[in-house]
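Visitor: Sharing a structure, written as structure tokens. Questions coming.
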Amino acid sequence: MRAVLFALALLFSTPALCAPICFNRAGDTVRCDVKEAMPVGWRLPPDEAMRREMNQPHPRLSDILKVAAGLALFFALIALLPEFDGAQDQDWTGQDWDGREKRDPD
């Protein structure tokens, strides 16, 4: 029953709409109510957009290597964590979650 209600809610719900995106003449994203904003839907001409893209700074190799080394260190630390599957007796301390000793129910 819950699955049917959930499916109906998804079927008849309206999607959320986001605010429109406006640009200024330089191609920067700005709020649509500021003075230098172009009309909604306006884009830079393709040649200007390509020129602007080419002038963006590219990441240096040293920055990429630093990120790769940080990720390798992170995954190495995860690999060094001890295994805990709860199946071994040594994984449990014999205490309940609130610190009291466990008792047998019988």
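In the structure tokens, each chain is lettered A, B, ... as it comes, each chain's residues begin at 1, and ligands are numbered from 1 in order of appearance.
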Residues near range 37-39 of chain A, anyone? I mean within 12 Å using only C-alpha atoms, not counting same-chain ones fewer than 4 positions away, as a ChimeraX atom specification.
Guide: /A:20-33,43-44
Visitor: Where does DSSP see alpha helix (DSSP H) in range 8-101 of chain A, if you list the residues as a PyMOL selection string?
Guide: chain A and resi 8-12+46-54+61-79
Visitor: Separation of CA of Glu83 in chain A and CA of Lys66 in chain A, in Å?
Guide: 28.8 Å
Visitor: What gap, in Å, lies between CA of Arg2 in chain A and CA of Ala16 in chain A?
Guide: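 Computing it gives 23.2 Å between the two atoms.
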